[in-house]
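Peer 1: This one is query.txt, compact mmCIF, C-alpha atoms and all ligand atoms.
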# COMPACT_ATOMS: atom_id res chain seq x y z
CA MET A 1 -10.50 -12.29 10.83
CA LYS A 2 -8.05 -10.90 8.31
CA ASN A 3 -9.37 -13.33 5.68
CA ASP A 4 -12.91 -12.12 6.27
CA ARG A 5 -11.84 -8.57 5.64
CA VAL A 6 -9.97 -9.53 2.48
CA GLN A 7 -12.94 -11.53 1.21
CA GLU A 8 -15.32 -8.66 1.91
CA GLN A 9 -12.97 -6.27 0.07
CA PHE A 10 -12.84 -8.57 -2.93
CA ASN A 11 -16.60 -8.77 -3.08
CA ARG A 12 -16.80 -5.00 -3.04
CA PHE A 13 -14.12 -4.74 -5.71
CA GLU A 14 -16.02 -7.14 -7.97
CA ARG A 15 -19.38 -5.45 -7.34
CA THR A 16 -18.07 -1.94 -7.97
CA LEU A 17 -16.34 -2.80 -11.24
CA ARG A 18 -19.36 -4.74 -12.49
CA THR A 19 -21.92 -2.05 -11.64
CA GLU A 20 -19.80 0.56 -13.35
CA GLY A 21 -19.36 -1.52 -16.47
CA HIS A 22 -15.61 -2.13 -16.07
CA LYS A 23 -14.43 -5.58 -17.02
CA LEU A 24 -13.03 -7.72 -14.26
CA THR A 25 -9.83 -8.56 -16.11
CA THR A 26 -7.08 -10.84 -14.81
CA GLN A 27 -4.74 -7.83 -14.84
CA ARG A 28 -7.01 -5.63 -12.72
CA LEU A 29 -7.55 -8.47 -10.30
CA ALA A 30 -3.81 -9.11 -10.09
CA VAL A 31 -3.04 -5.45 -9.33
CA TYR A 32 -5.75 -5.29 -6.71
CA ARG A 33 -4.74 -8.58 -5.09
CA GLU A 34 -1.08 -7.59 -4.93
CA LEU A 35 -1.96 -4.32 -3.24
CA THR A 36 -4.33 -5.86 -0.68
CA VAL A 37 -1.70 -8.33 0.51
CA ALA A 38 1.02 -5.66 0.67
CA ASP A 39 1.26 -3.88 3.99
CA ASP A 40 3.97 -1.42 3.04
CA HIS A 41 1.95 1.07 0.96
CA PRO A 42 3.94 0.53 -2.23
CA SER A 43 4.38 3.08 -4.99
CA ALA A 44 3.03 2.20 -8.44
CA GLU A 45 6.60 1.50 -9.51
CA ALA A 46 7.27 -0.88 -6.61
CA LEU A 47 4.00 -2.67 -7.24
CA PHE A 48 4.84 -3.01 -10.91
CA GLY A 49 8.20 -4.54 -9.99
CA ARG A 50 6.53 -7.20 -7.83
CA LEU A 51 3.85 -8.00 -10.39
CA HIS A 52 6.30 -8.10 -13.24
CA LYS A 53 8.07 -11.09 -11.68
CA LYS A 54 4.84 -13.07 -11.54
CA LEU A 55 3.17 -11.76 -14.68
CA PRO A 56 5.78 -10.65 -17.21
CA MET A 57 3.02 -9.81 -19.69
CA LEU A 58 1.55 -7.13 -17.47
CA SER A 59 2.57 -3.69 -18.66
CA ARG A 60 3.63 -0.78 -16.49
CA ASN A 61 0.94 1.29 -18.13
CA THR A 62 -1.80 -1.15 -17.08
CA VAL A 63 -0.59 -1.08 -13.49
CA TYR A 64 -0.65 2.74 -13.40
CA ARG A 65 -4.03 2.97 -15.10
CA THR A 66 -5.56 0.30 -12.87
CA LEU A 67 -4.33 2.05 -9.73
CA ALA A 68 -5.82 5.33 -10.93
CA LEU A 69 -9.14 3.66 -11.69
CA LEU A 70 -9.33 1.86 -8.34
CA ALA A 71 -8.37 4.99 -6.41
CA LYS A 72 -11.04 7.00 -8.21
CA ARG A 73 -13.65 4.42 -7.25
CA GLY A 74 -12.55 4.42 -3.62
CA LEU A 75 -11.48 0.78 -3.75
CA ILE A 76 -7.94 1.67 -2.75
CA THR A 77 -6.46 4.78 -1.17
CA LYS A 78 -3.81 7.08 -2.48
CA VAL A 79 -1.62 8.04 0.47
CA GLU A 80 -0.71 11.69 0.64
CA THR A 81 3.05 11.93 1.04
CA VAL A 82 5.65 14.59 0.45
CA GLU A 83 7.47 12.30 -1.96
CA ASN A 84 7.15 12.70 -5.71
CA GLN A 85 5.78 9.21 -6.07
CA SER A 86 2.29 8.45 -4.85
CA ARG A 87 1.97 5.49 -2.55
CA PHE A 88 -1.04 3.22 -2.54
CA ASP A 89 -2.98 1.43 0.14
CA GLY A 90 -5.23 -1.59 -0.30
CA ARG A 91 -7.15 -0.66 2.83
CA CYS A 92 -9.96 1.71 2.12
CA GLU A 93 -11.54 2.01 5.56
CA PRO A 94 -10.53 5.30 7.21
CA HIS A 95 -7.20 5.11 9.01
CA HIS A 96 -4.18 7.29 9.64
CA HIS A 97 -0.53 7.10 8.64
CA VAL A 98 2.87 7.68 10.20
CA ILE A 99 5.57 8.28 7.61
CA CYS A 100 9.32 8.13 8.21
CA ASN A 101 11.10 10.95 6.43
CA ARG A 102 14.27 8.88 6.10
CA CYS A 103 13.31 5.34 5.08
CA HIS A 104 9.86 6.41 3.81
CA LYS A 105 8.21 3.54 5.61
CA ILE A 106 4.49 4.09 6.14
CA ILE A 107 2.62 2.58 9.07
CA ASP A 108 -1.15 2.41 9.61
CA PHE A 109 -2.89 3.31 12.79
CA HIS A 110 -6.37 3.88 14.11
CA CYS A 111 -7.26 6.72 16.41
CA PRO A 112 -11.02 7.24 16.91
CA PRO A 113 -10.61 10.58 18.80
CA VAL A 114 -9.42 12.18 15.54
CA ASN A 115 -13.02 12.05 14.32
CA GLU A 116 -14.09 14.08 17.35
CA VAL A 117 -11.48 16.79 16.86
CA LEU A 118 -13.04 20.25 16.77
CA LEU A 119 -12.01 22.17 13.70
CA PRO A 120 -11.69 25.96 13.43
CA LYS A 121 -15.02 27.70 12.78
CA GLU A 122 -14.17 28.68 9.22
CA ILE A 123 -13.44 25.04 8.36
CA GLU A 124 -16.61 23.73 10.00
CA SER A 125 -18.64 26.17 7.93
CA TRP A 126 -16.61 25.57 4.77
CA GLY A 127 -18.85 22.69 3.69
CA THR A 128 -19.39 19.07 4.63
CA ILE A 129 -16.48 17.27 6.23
CA GLU A 130 -16.39 13.68 5.02
CA SER A 131 -13.23 12.37 6.63
CA LYS A 132 -10.48 13.50 8.93
CA ILE A 133 -7.25 11.73 8.12
CA LEU A 134 -4.08 12.29 10.06
CA VAL A 135 -0.63 12.02 8.46
CA ILE A 136 2.28 12.16 10.87
CA TYR A 137 5.85 12.68 9.69
CA GLY A 138 8.99 11.97 11.64
CA ILE A 139 11.98 9.67 11.96
CA CYS A 140 11.26 6.07 12.92
CA GLY A 141 13.10 4.23 15.71
CA LYS A 142 15.11 2.07 13.30
CA CYS A 143 16.43 5.15 11.49
CA LEU A 144 17.19 6.89 14.78
CA ASP A 145 19.30 3.90 15.85
CA LYS A 146 21.48 4.08 12.75
ZN ZN B 1 12.77 5.19 9.07
ZN ZN B 2 -2.67 2.74 5.23
Let me see the file written as structure tokens.
Peer 2:
Amino acid sequence: MKNDRVQEQFNRFERTLRTEGHKLTTQRLAVYRELTVADDHPSAEALFGRLHKKLPMLSRNTVYRTLALLAKRGLITKVETVENQSRFDGRCEPHHHVICNRCHKIIDFHCPPVNEVLLPKEIESWGTIESKILVIYGICGKCLDK
């Protein structure tokens, strides 16, 4: 099941880059692959650290630029956090996040009722709503136990 999703994501990744005339380089593929197997929403810096061990030739700059390109194309998601560093997500289907303010761990969750939430009138008439994403902040159980 998980493999199917990963395969489908890879196909989309390949298709999107090709149609838009971007080369499918080993580096881009490596960045994308590393992010899709990560489930901790790494920052660009953390991702670079992991990739650097496997591919010492890969530059920090390439990692940052690739992430920006993929996020712009909707192939990955930039997670909105209150931290200075952006965090990235290999999952691009709509889902929500819970973020711990202490350990900064980010967890995914699905909650279909969020789509049905009625927004204030001025927001409904503001334009077209394309997605409703929930970000919840708090202190996780592990941090509370410390
Ligand atoms: Zn925590
Ligand atoms: Zn996520």
Peer 1: Can you pull out every residue within 9 Å of segment 11-23 of chain A, counting all atoms listed in the file, but drop anything in the same chain fewer than 5 positions away, and send it as a short mmCIF file (atom, residue, chain, number, x, y, z; two decimals) with C-alpha atoms, in the frame of the given file?
Peer 2:
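Contents of selection-v9.cif, freshly written:
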data_model
loop_
_atom_site.label_atom_id
_atom_site.label_comp_id
_atom_site.auth_asym_id
_atom_site.auth_seq_id
_atom_site.Cartn_x
_atom_site.Cartn_y
_atom_site.Cartn_z
CA VAL A 6 -9.97 -9.53 2.48
CA ARG A 28 -7.01 -5.63 -12.72
CA LEU A 29 -7.55 -8.47 -10.30
CA TYR A 32 -5.75 -5.29 -6.71
CA LEU A 70 -9.33 1.86 -8.34
CA ARG A 73 -13.65 4.42 -7.25
CA LEU A 75 -11.48 0.78 -3.75
#
Peer 1: Just want the 12 Å neighbourhood of Met57 of chain A, counted on all atoms listed in the file, with same-chain residues fewer than 6 positions away dropped. Output as a list in words.
Peer 2: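 What passes the distance filter is Thr26, Gln27, Ala30, Phe48, Leu51 and Val63 of chain A.
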Peer 1: Using only C-alpha atoms, which of the listed residues (A:Ser125, A:Gln7, A:Thr25, A:Ser43) sits closest to Asn84 of chain A?
Peer 2: A:Ser43
Peer 1: Compute the set of protein, DNA and RNA residues whose minimum atom distance to ligand ZN 2 (chain B) is at most 12 Å, using only C-alpha atoms and all ligand atoms, and state it as a PDB file with C-alpha atoms, in the frame of the given file.
Peer 2:
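Generated file (selection23.pdb):
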ATOM      1  CA  LEU A  35      -1.960  -4.320  -3.240  1.00  0.00           C
ATOM      2  CA  THR A  36      -4.330  -5.860  -0.680  1.00  0.00           C
ATOM      3  CA  ALA A  38       1.020  -5.660   0.670  1.00  0.00           C
ATOM      4  CA  ASP A  39       1.260  -3.880   3.990  1.00  0.00           C
ATOM      5  CA  ASP A  40       3.970  -1.420   3.040  1.00  0.00           C
ATOM      6  CA  HIS A  41       1.950   1.070   0.960  1.00  0.00           C
ATOM      7  CA  PRO A  42       3.940   0.530  -2.230  1.00  0.00           C
ATOM      8  CA  ILE A  76      -7.940   1.670  -2.750  1.00  0.00           C
ATOM      9  CA  THR A  77      -6.460   4.780  -1.170  1.00  0.00           C
ATOM     10  CA  LYS A  78      -3.810   7.080  -2.480  1.00  0.00           C
ATOM     11  CA  VAL A  79      -1.620   8.040   0.470  1.00  0.00           C
ATOM     12  CA  GLU A  80      -0.710  11.690   0.640  1.00  0.00           C
ATOM     13  CA  THR A  81       3.050  11.930   1.040  1.00  0.00           C
ATOM     14  CA  ARG A  87       1.970   5.490  -2.550  1.00  0.00           C
ATOM     15  CA  PHE A  88      -1.040   3.220  -2.540  1.00  0.00           C
ATOM     16  CA  ASP A  89      -2.980   1.430   0.140  1.00  0.00           C
ATOM     17  CA  GLY A  90      -5.230  -1.590  -0.300  1.00  0.00           C
ATOM     18  CA  ARG A  91      -7.150  -0.660   2.830  1.00  0.00           C
ATOM     19  CA  CYS A  92      -9.960   1.710   2.120  1.00  0.00           C
ATOM     20  CA  GLU A  93     -11.540   2.010   5.560  1.00  0.00           C
ATOM     21  CA  PRO A  94     -10.530   5.300   7.210  1.00  0.00           C
ATOM     22  CA  HIS A  95      -7.200   5.110   9.010  1.00  0.00           C
ATOM     23  CA  HIS A  96      -4.180   7.290   9.640  1.00  0.00           C
ATOM     24  CA  HIS A  97      -0.530   7.100   8.640  1.00  0.00           C
ATOM     25  CA  VAL A  98       2.870   7.680  10.200  1.00  0.00           C
ATOM     26  CA  ILE A  99       5.570   8.280   7.610  1.00  0.00           C
ATOM     27  CA  LYS A 105       8.210   3.540   5.610  1.00  0.00           C
ATOM     28  CA  ILE A 106       4.490   4.090   6.140  1.00  0.00           C
ATOM     29  CA  ILE A 107       2.620   2.580   9.070  1.00  0.00           C
ATOM     30  CA  ASP A 108      -1.150   2.410   9.610  1.00  0.00           C
ATOM     31  CA  PHE A 109      -2.890   3.310  12.790  1.00  0.00           C
ATOM     32  CA  HIS A 110      -6.370   3.880  14.110  1.00  0.00           C
ATOM     33  CA  ILE A 133      -7.250  11.730   8.120  1.00  0.00           C
ATOM     34  CA  LEU A 134      -4.080  12.290  10.060  1.00  0.00           C
ATOM     35  CA  VAL A 135      -0.630  12.020   8.460  1.00  0.00           C
TER      36      VAL A 135
END
Peer 1: Figure out the distance between atom CA of Glu116 of chain A and atom CA of Gly141 of chain A, please, to one decimal in Å.
Peer 2: 29.0 Å
Peer 1: What do you get as a ChimeraX atom specification if you pick all residues at most 8 Å from ligand ZN 1 (chain B), counting all atoms listed in the file?
Peer 2: /A:99-105,139-144
Peer 1: Which one is closest to Gln9 of chain A: A:Ala44, A:Tyr64, A:Gly74, A:Leu55? Count only C-alpha atoms.
Peer 2: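 Smallest separation from Gln9 of chain A among the options: A:Gly74.
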Peer 1: Atom CA of Arg5 of chain A to atom CA of Thr62 of chain A: how many Å, to one decimal?
Peer 2: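 Taking atom CA of Arg5 of chain A as the start and atom CA of Thr62 of chain A as the end point, the length is 25.9 Å.
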Peer 1: To test the calculation: enclose all listed atoms of segment 23-41 of chain A in a box whose edges run along x, y and z, add 6 Å on each side, then state centre and edge lengths in Å to one decimal, as AutoDock Vina command-line options.
Peer 2:
--center_x -5.2 --center_y -4.9 --center_z -6.5 --size_x 30.4 --size_y 23.9 --size_z 33.0
Peer 1: If I only have part of segment 56-68 of chain A, can you fill in N, CA and C atoms and write it as a short mmCIF file (atom, residue, chain, number, x, y, z; two decimals), in the coordinates of the input?
Peer 2:
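Produced file result.cif, reproduced below:
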data_model
loop_
_atom_site.label_atom_id
_atom_site.label_comp_id
_atom_site.auth_asym_id
_atom_site.auth_seq_id
_atom_site.Cartn_x
_atom_site.Cartn_y
_atom_site.Cartn_z
N PRO A 56 4.93 -11.46 -16.33
CA PRO A 56 5.78 -10.65 -17.21
C PRO A 56 5.02 -9.94 -18.33
N MET A 57 3.80 -10.43 -18.62
CA MET A 57 3.02 -9.81 -19.69
C MET A 57 2.35 -8.51 -19.27
N LEU A 58 2.24 -8.31 -17.99
CA LEU A 58 1.55 -7.13 -17.47
C LEU A 58 2.39 -5.88 -17.71
N SER A 59 1.79 -4.88 -18.35
CA SER A 59 2.57 -3.69 -18.66
C SER A 59 2.52 -2.67 -17.52
N ARG A 60 3.54 -1.86 -17.48
CA ARG A 60 3.63 -0.78 -16.49
C ARG A 60 2.41 0.15 -16.61
N ASN A 61 2.06 0.42 -17.85
CA ASN A 61 0.94 1.29 -18.13
C ASN A 61 -0.37 0.76 -17.51
N THR A 62 -0.60 -0.54 -17.64
CA THR A 62 -1.80 -1.15 -17.08
C THR A 62 -1.82 -1.01 -15.56
N VAL A 63 -0.67 -1.20 -14.95
CA VAL A 63 -0.59 -1.08 -13.49
C VAL A 63 -0.96 0.35 -13.08
N TYR A 64 -0.37 1.34 -13.74
CA TYR A 64 -0.65 2.74 -13.40
C TYR A 64 -2.12 3.09 -13.63
N ARG A 65 -2.64 2.65 -14.78
CA ARG A 65 -4.03 2.97 -15.10
C ARG A 65 -5.00 2.28 -14.14
N THR A 66 -4.68 1.02 -13.79
CA THR A 66 -5.56 0.30 -12.87
C THR A 66 -5.57 0.97 -11.50
N LEU A 67 -4.40 1.38 -11.03
CA LEU A 67 -4.33 2.05 -9.73
C LEU A 67 -5.16 3.33 -9.74
N ALA A 68 -5.07 4.08 -10.82
CA ALA A 68 -5.82 5.33 -10.93
C ALA A 68 -7.32 5.05 -10.91
#
